[in-house]
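Pasting upload26.txt here (compact mmCIF, C-alpha atoms):
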# COMPACT_ATOMS: atom_id res chain seq x y z
CA MET A 1497 -8.96 6.93 22.25
CA LYS A 1498 -8.05 3.27 22.66
CA THR A 1499 -4.55 1.99 23.34
CA GLN A 1500 -2.87 -0.43 20.98
CA ALA A 1501 -3.43 -3.24 23.46
CA GLN A 1502 -7.15 -2.45 23.62
CA LEU A 1503 -7.40 -2.36 19.83
CA ARG A 1504 -5.63 -5.68 19.59
CA ALA A 1505 -7.95 -7.23 22.16
CA GLU A 1506 -11.00 -5.84 20.38
CA LEU A 1507 -9.80 -7.32 17.10
CA TYR A 1508 -9.04 -10.74 18.57
CA ASN A 1509 -12.38 -10.91 20.39
CA ALA A 1510 -14.31 -9.93 17.27
CA LEU A 1511 -12.61 -12.67 15.25
CA LYS A 1512 -12.97 -15.25 18.00
CA ASP A 1513 -16.63 -14.49 18.70
CA ASP A 1514 -17.68 -15.06 15.12
CA THR A 1515 -18.68 -18.69 14.73
CA THR A 1516 -18.25 -18.73 10.95
CA LEU A 1517 -14.56 -17.86 11.13
CA PRO A 1518 -11.96 -20.52 12.04
CA ASP A 1519 -11.37 -21.17 15.74
CA GLU A 1520 -7.62 -21.05 15.27
CA ILE A 1521 -6.59 -17.40 15.52
CA PHE A 1522 -2.96 -16.66 16.29
CA TRP A 1523 -0.86 -13.62 16.94
CA ILE A 1524 2.04 -12.98 14.57
CA GLY A 1525 3.86 -16.27 14.09
CA LYS A 1526 3.97 -18.56 11.11
CA PRO A 1527 1.69 -21.54 11.66
CA THR A 1528 4.25 -24.32 11.45
CA ALA A 1529 3.56 -25.52 14.97
CA THR A 1530 -0.12 -26.07 14.42
CA ASP A 1531 -1.74 -28.77 12.36
CA THR A 1532 -5.19 -27.22 12.34
CA PHE A 1533 -6.37 -25.48 9.21
CA PRO A 1534 -7.93 -23.19 8.22
CA CYS A 1535 -6.45 -20.64 10.59
CA ILE A 1536 -5.94 -16.88 10.78
CA ILE A 1537 -2.69 -15.19 11.78
CA TYR A 1538 -2.87 -11.52 12.66
CA SER A 1539 -0.15 -8.92 13.11
CA ILE A 1540 0.12 -5.16 13.45
CA LEU A 1541 1.91 -3.38 10.63
CA ASN A 1542 4.31 -0.63 11.49
CA THR A 1543 3.21 1.89 8.89
CA VAL A 1544 3.82 4.98 10.95
CA GLY A 1545 6.93 7.02 10.47
CA GLY A 1546 7.79 10.63 10.96
CA TYR A 1547 9.25 12.16 7.83
CA ALA A 1548 10.31 15.55 6.63
CA PHE A 1549 7.38 17.64 5.35
CA GLN A 1550 4.85 15.67 7.34
CA ASP A 1551 2.91 17.75 9.87
CA GLY A 1552 3.58 15.33 12.70
CA LEU A 1553 3.65 11.65 13.59
CA VAL A 1554 0.35 9.98 12.89
CA SER A 1555 -0.43 8.44 16.24
CA GLU A 1556 -3.92 7.37 15.22
CA ASP A 1557 -2.87 5.13 12.36
CA PHE A 1558 -3.55 1.47 13.19
CA THR A 1559 -3.12 -1.09 10.41
CA VAL A 1560 -3.32 -4.85 10.78
CA GLN A 1561 -2.66 -7.78 8.48
CA LEU A 1562 -4.78 -10.92 8.73
CA ASP A 1563 -3.33 -13.95 6.93
CA VAL A 1564 -5.86 -16.66 6.15
CA TYR A 1565 -4.32 -20.13 5.74
CA THR A 1566 -6.24 -22.98 4.14
CA ASP A 1567 -5.49 -26.33 2.53
CA VAL A 1568 -4.46 -26.37 -1.12
CA GLY A 1569 -7.54 -26.65 -3.32
CA ALA A 1570 -9.90 -25.27 -0.68
CA ASP A 1571 -10.66 -22.13 -2.71
CA ALA A 1572 -14.33 -22.01 -1.84
CA ASN A 1573 -13.53 -22.23 1.85
CA MET A 1574 -10.94 -19.45 1.51
CA ASP A 1575 -13.45 -17.19 -0.25
CA THR A 1576 -16.08 -17.88 2.42
CA ILE A 1577 -13.66 -17.01 5.20
CA VAL A 1578 -12.46 -13.81 3.53
CA ASN A 1579 -16.01 -12.67 2.78
CA ARG A 1580 -16.94 -13.26 6.41
CA LEU A 1581 -13.83 -11.34 7.50
CA ASN A 1582 -15.11 -8.34 5.52
CA THR A 1583 -18.31 -8.36 7.55
CA VAL A 1584 -16.61 -8.84 10.92
CA MET A 1585 -13.91 -6.22 10.34
CA GLU A 1586 -16.36 -3.64 9.06
CA SER A 1587 -18.48 -4.15 12.17
CA ILE A 1588 -15.54 -3.01 14.31
CA HIS A 1589 -14.78 -0.11 11.95
CA TYR A 1590 -11.93 -1.32 9.80
CA ARG A 1591 -11.47 -0.57 6.13
CA ASN A 1592 -9.91 -3.06 3.73
CA ILE A 1593 -6.81 -1.65 2.03
CA GLY A 1594 -4.61 -3.15 -0.67
CA GLY A 1595 -5.43 -5.49 -3.53
CA SER A 1596 -6.06 -9.21 -3.35
CA ILE A 1597 -3.08 -11.55 -3.49
CA GLU A 1598 -2.50 -15.19 -2.69
CA PHE A 1599 0.59 -17.28 -2.04
CA MET A 1600 1.47 -20.91 -1.80
CA ASP A 1601 3.47 -21.57 1.38
CA ALA A 1602 5.65 -24.45 0.19
CA ASP A 1603 7.04 -25.13 3.68
CA ILE A 1604 3.68 -26.28 5.03
CA ASN A 1605 1.87 -26.87 1.71
CA LYS A 1606 -0.91 -24.40 2.43
CA ILE A 1607 -2.46 -21.45 0.62
CA VAL A 1608 -2.22 -18.08 2.36
CA ARG A 1609 -4.19 -14.98 1.48
CA PRO A 1610 -2.98 -11.86 3.32
CA THR A 1611 -5.57 -9.13 3.89
CA ARG A 1612 -4.89 -5.66 5.24
CA TRP A 1613 -7.13 -3.49 7.34
CA GLU A 1614 -6.93 0.08 8.54
CA LYS A 1615 -8.81 1.33 11.59
CA ILE A 1616 -11.23 4.12 10.82
CA ASN A 1617 -11.44 6.91 13.42
CA VAL A 1618 -9.17 5.47 16.08
CA MET B 656 -24.72 45.99 -25.91
CA ILE B 657 -22.79 43.01 -24.61
CA THR B 658 -19.61 42.05 -26.36
CA SER B 659 -17.44 39.07 -25.83
CA ASN B 660 -14.10 38.07 -27.11
CA ALA B 661 -14.52 34.38 -27.69
CA LYS B 662 -11.20 34.02 -29.46
CA GLN B 663 -9.27 35.51 -26.55
CA ILE B 664 -11.15 33.33 -24.07
CA GLN B 665 -10.32 30.23 -26.09
CA LYS B 666 -6.69 31.31 -26.34
CA ASN B 667 -6.50 31.71 -22.55
CA ILE B 668 -8.12 28.32 -21.97
CA ASP B 669 -5.66 26.67 -24.36
CA LYS B 670 -2.76 28.34 -22.56
CA PHE B 671 -4.11 27.21 -19.18
CA VAL B 672 -4.51 23.60 -20.36
CA LYS B 673 -0.96 23.57 -21.75
CA ILE B 674 0.53 24.97 -18.53
CA GLN B 675 -1.46 22.53 -16.37
CA ALA B 676 -0.34 19.56 -18.46
CA LYS B 677 3.29 20.59 -18.08
CA ASN B 678 2.90 21.24 -14.34
CA THR B 679 1.15 17.90 -13.81
CA THR B 680 3.96 15.98 -15.46
CA GLU B 681 6.54 17.94 -13.50
CA ALA B 682 4.73 17.27 -10.21
CA LEU B 683 4.38 13.57 -10.97
CA GLU B 684 8.08 13.32 -11.85
CA GLU B 685 8.99 14.86 -8.51
CA VAL B 686 6.59 12.58 -6.63
CA GLY B 687 8.12 9.59 -8.40
CA HIS B 688 11.66 10.65 -7.61
CA ARG B 689 10.98 11.36 -3.93
CA GLY B 690 8.83 8.27 -3.60
CA VAL B 691 11.60 6.02 -4.84
CA GLY B 692 13.93 7.62 -2.31
CA ILE B 693 11.48 6.81 0.49
CA ILE B 694 10.92 3.23 -0.67
CA LYS B 695 14.65 2.63 -0.94
CA GLY B 696 15.07 3.93 2.59
CA ASN B 697 12.49 1.43 3.85
CA SER B 698 13.57 -1.52 1.70
CA PRO B 699 15.17 -4.49 3.42
CA THR B 700 18.70 -5.13 2.22
CA VAL B 701 20.45 -8.45 1.88
CA THR B 702 21.92 -8.46 -1.64
CA SER B 703 20.47 -5.00 -2.45
CA ARG B 704 18.78 -6.37 -5.58
CA LEU B 705 15.31 -5.44 -4.31
CA LYS B 706 16.38 -2.01 -3.11
CA ASN B 707 18.24 -1.18 -6.32
CA SER B 708 15.28 -2.24 -8.45
CA MET B 709 12.94 0.38 -6.94
CA SER B 710 12.04 2.84 -9.67
CA TYR B 711 9.26 4.96 -11.11
CA THR B 712 7.76 5.24 -14.56
CA ILE B 713 5.94 8.01 -16.37
CA ASP B 714 5.45 8.88 -20.04
CA GLY B 715 7.42 5.91 -21.37
CA LYS B 716 10.44 6.49 -19.14
CA VAL B 717 11.74 4.38 -16.27
CA GLU B 718 13.92 6.27 -13.78
CA ASP B 719 15.94 5.88 -10.58
CA TYR B 720 16.69 2.19 -10.84
CA GLU B 721 20.23 0.95 -10.29
CA GLU B 722 21.88 -2.01 -12.03
CA SER B 723 19.39 -4.13 -13.96
CA LYS B 724 16.56 -2.54 -15.98
CA ASN B 725 14.83 -5.94 -16.07
CA ASP B 726 14.25 -5.63 -12.32
CA ALA B 727 12.83 -2.11 -12.62
CA VAL B 728 9.12 -1.35 -12.82
CA ASN B 729 7.46 -1.88 -16.23
CA SER B 730 7.14 1.35 -18.17
CA ILE B 731 3.82 3.03 -18.96
CA SER B 732 3.20 5.60 -21.66
CA ASP B 733 0.69 7.74 -19.70
CA LYS B 734 1.80 11.33 -18.94
CA LYS B 735 -0.76 11.69 -16.15
CA THR B 736 0.16 8.63 -14.09
CA VAL B 737 3.28 7.76 -12.16
CA ILE B 738 3.85 4.22 -10.96
CA LEU B 739 6.44 3.37 -8.34
CA GLY B 740 7.65 -0.14 -7.66
CA THR B 741 9.75 -3.04 -8.77
CA ASN B 742 9.64 -6.04 -11.10
CA VAL B 743 11.63 -8.33 -8.83
CA GLU B 744 9.70 -11.57 -8.55
CA TYR B 745 10.05 -12.05 -4.78
CA ALA B 746 9.00 -8.50 -3.88
CA PRO B 747 5.36 -9.46 -3.06
CA SER B 748 6.41 -12.18 -0.66
CA VAL B 749 8.76 -9.78 1.15
CA GLU B 750 5.98 -7.17 1.37
CA PHE B 751 3.30 -9.56 2.63
CA LEU B 752 4.99 -12.54 4.27
CA SER B 753 8.36 -11.45 5.60
CA GLN B 754 9.07 -12.73 9.09
CA LYS B 755 12.07 -10.45 9.57
CA GLY B 756 10.35 -7.14 10.17
CA SER B 757 10.12 -6.03 6.52
CA LYS B 758 6.46 -6.85 6.15
CA GLY B 759 4.56 -3.80 4.96
CA PHE B 760 7.58 -1.75 3.87
CA MET B 761 5.84 -0.63 0.66
CA LEU B 762 2.65 0.33 2.50
CA LYS B 763 4.70 2.29 5.03
CA SER B 764 6.48 4.08 2.18
CA PHE B 765 3.17 4.96 0.56
CA LYS B 766 1.84 6.44 3.80
CA GLN B 767 4.99 8.51 4.20
CA LEU B 768 4.84 9.68 0.59
CA LYS B 769 1.20 10.75 0.63
CA PRO B 770 1.55 14.06 2.51
CA ILE B 771 4.74 14.85 0.60
CA ALA B 772 2.94 14.28 -2.70
CA ASN B 773 0.14 16.61 -1.58
CA LYS B 774 2.63 19.37 -0.85
CA ILE B 775 4.40 18.87 -4.16
CA PHE B 776 1.15 19.20 -6.07
CA GLU B 777 0.18 22.27 -4.08
CA SER B 778 3.39 24.04 -4.94
CA VAL B 779 3.84 22.91 -8.54
CA LEU B 780 0.34 23.02 -10.01
CA GLY B 781 -0.08 26.75 -9.52
CA LYS B 782 3.13 27.70 -11.33
CA GLY B 783 2.85 29.96 -14.36
CA LEU B 784 -0.77 30.86 -13.75
CA LYS B 785 -2.01 34.37 -12.96
Would you put the structure from the file into structure tokens?
Amino acid sequence: MKTQAQLRAELYNALKDDTTLPDEIFWIGKPTATDTFPCIIYSILNTVGGYAFQDGLVSEDFTVQLDVYTDVGADANMDTIVNRLNTVMESIHYRNIGGSIEFMDADINKIVRPTRWEKINV
Amino acid sequence: MITSNAKQIQKNIDKFVKIQAKNTTEALEEVGHRGVGIIKGNSPTVTSRLKNSMSYTIDGKVEDYEESKNDAVNSISDKKTVILGTNVEYAPSVEFLSQKGSKGFMLKSFKQLKPIANKIFESVLGKGLK
């Protein structure tokens, strides 16, 4: 079973190695410091929590969020990137969870489409 | 000679369907109520508007919201579906884009609720059946 650090490295390398995806791939932060778009921001979601009635903590639950940022009006580019993400993420055994949603980040005047992925068989 | 009592069989089936419908609604109500409790526990709190708006709806009713009904989830008339959530306009941006650690609070709540919902259905659906 891989550690969280190994999973994170695997994810980053898969995104970076794919030449169709943007070169700019960042961990966590909001992309106000960069002027290069499109870019992808990734973060790990803390979706694990022990709770009464649950059989035990789910240590093998690994969920990530990939936020794709593009210029306003670049819908076709956004769709291309997200479709390519589907292929790359499925190749490293992630399943897309959650519906599609898009936001306008008024601070930097960019469109952001968050996507969520759950690791299958950690 | 083979005999059958079709009328009795039909009567038993009707009784079973009626009990199952009642049990399903009861189970969904309980899932909704517990689910809202979990979501409220995970909700970020600044003014409490988002947290207080968390509610569930089933069969035309909206329950468990506090303060404004406009902020509560939109009602549905289906007896076989329960929807948990909120109508607060900034809820999606908190769920997906929060930079203060609240990102994914609804997804986390769903994952916590899932095994609880399974247990509720296990215990409630068999009630009244022999």
Write out as a PDB file with C-alpha atoms, in the frame of the given file which residues come within 12 Å of Lys673 of chain B when counting only C-alpha atoms, dropping same-chain ones fewer than 6 positions away.
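Dumped to around22.pdb:
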ATOM      1  CA  LYS B 666      -6.690  31.310 -26.340  1.00  0.00           C
ATOM      2  CA  ASN B 667      -6.500  31.710 -22.550  1.00  0.00           C
ATOM      3  CA  THR B 679       1.150  17.900 -13.810  1.00  0.00           C
ATOM      4  CA  THR B 680       3.960  15.980 -15.460  1.00  0.00           C
ATOM      5  CA  LEU B 780       0.340  23.020 -10.010  1.00  0.00           C
ATOM      6  CA  LYS B 782       3.130  27.700 -11.330  1.00  0.00           C
ATOM      7  CA  GLY B 783       2.850  29.960 -14.360  1.00  0.00           C
ATOM      8  CA  LEU B 784      -0.770  30.860 -13.750  1.00  0.00           C
TER       9      LEU B 784
END
Chain B contacts to chain A at 7 Å (all atoms listed in the file) as number ranges by chain: B: 751, 759, 762-763, 766-767, 770-771
Coordinates-based distance that separates atom CA of Asn707 of chain B from atom CA of Asp726 of chain B (Å, one decimal): 8.5 Å
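Distance check against Gly740 of chain B using all atoms listed in the file: of B:Ile775, B:Val686, B:Leu768, B:Met761, the minimum falls on B:Met761.
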Polymer residues at most 12 Å from Glu1520 of chain A, only C-alpha atoms, same-chain spacing of 5 or more positions, as number ranges by chain: A: 1508, 1511-1515, 1527, 1530-1538, 1563-1566
Contact residues around Glu681 of chain B with all atoms listed in the file at 12 Å, ignoring same-chain residues under 2 positions, as a ChimeraX atom specification: /B:674-679,683-688,713-714,734-737,772,775-776,778-782
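Ranking A:Ser1587, A:Asn1605, A:Thr1499, A:Asn1617 by their shortest atom-to-atom distance to Asp1567 of chain A, with all atoms listed in the file included, puts A:Asn1605 first.
Our summary of the geometry notes that atom CA of Tyr1590 of chain A is positioned 16.2 Å from atom CA of Ala1501 of chain A.
Here atom CA of Tyr711 of chain B is placed at a distance of 12.2 Å from atom CA of Ser732 of chain B.
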Kindly list the centre and edge lengths in Å, rounded to one decimal, for the axis-aligned box that covers all listed atoms of segment 749-761 of chain B plus 3 Å on each of its six sides, as AutoDock Vina command-line options.
--center_x 7.7 --center_y -6.7 --center_z 5.4 --size_x 14.8 --size_y 18.1 --size_z 15.5
Nearest to Ser757 of chain B by atom-to-atom distance, counting all atoms listed in the file, from B:Ser698, B:Arg704, B:Glu744, B:Asp669: B:Ser698
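Nearest-residue note for Ser764 of chain B: choosing from B:Val717, B:Thr700, B:Ile693, B:Leu705, the minimum distance belongs to B:Ile693, counting all atoms listed in the file.
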Distance query Asn1509 of chain A at most 12 Å, only C-alpha atoms, self and fewer than 4 positions along chain excluded, as a count of residues only: 14
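Minimum atom-to-atom distances from B:Thr741, B:Gln663, B:Asn697, B:Thr658 to Glu718 of chain B were compared using all atoms listed in the file, and the lowest value belongs to B:Thr741.
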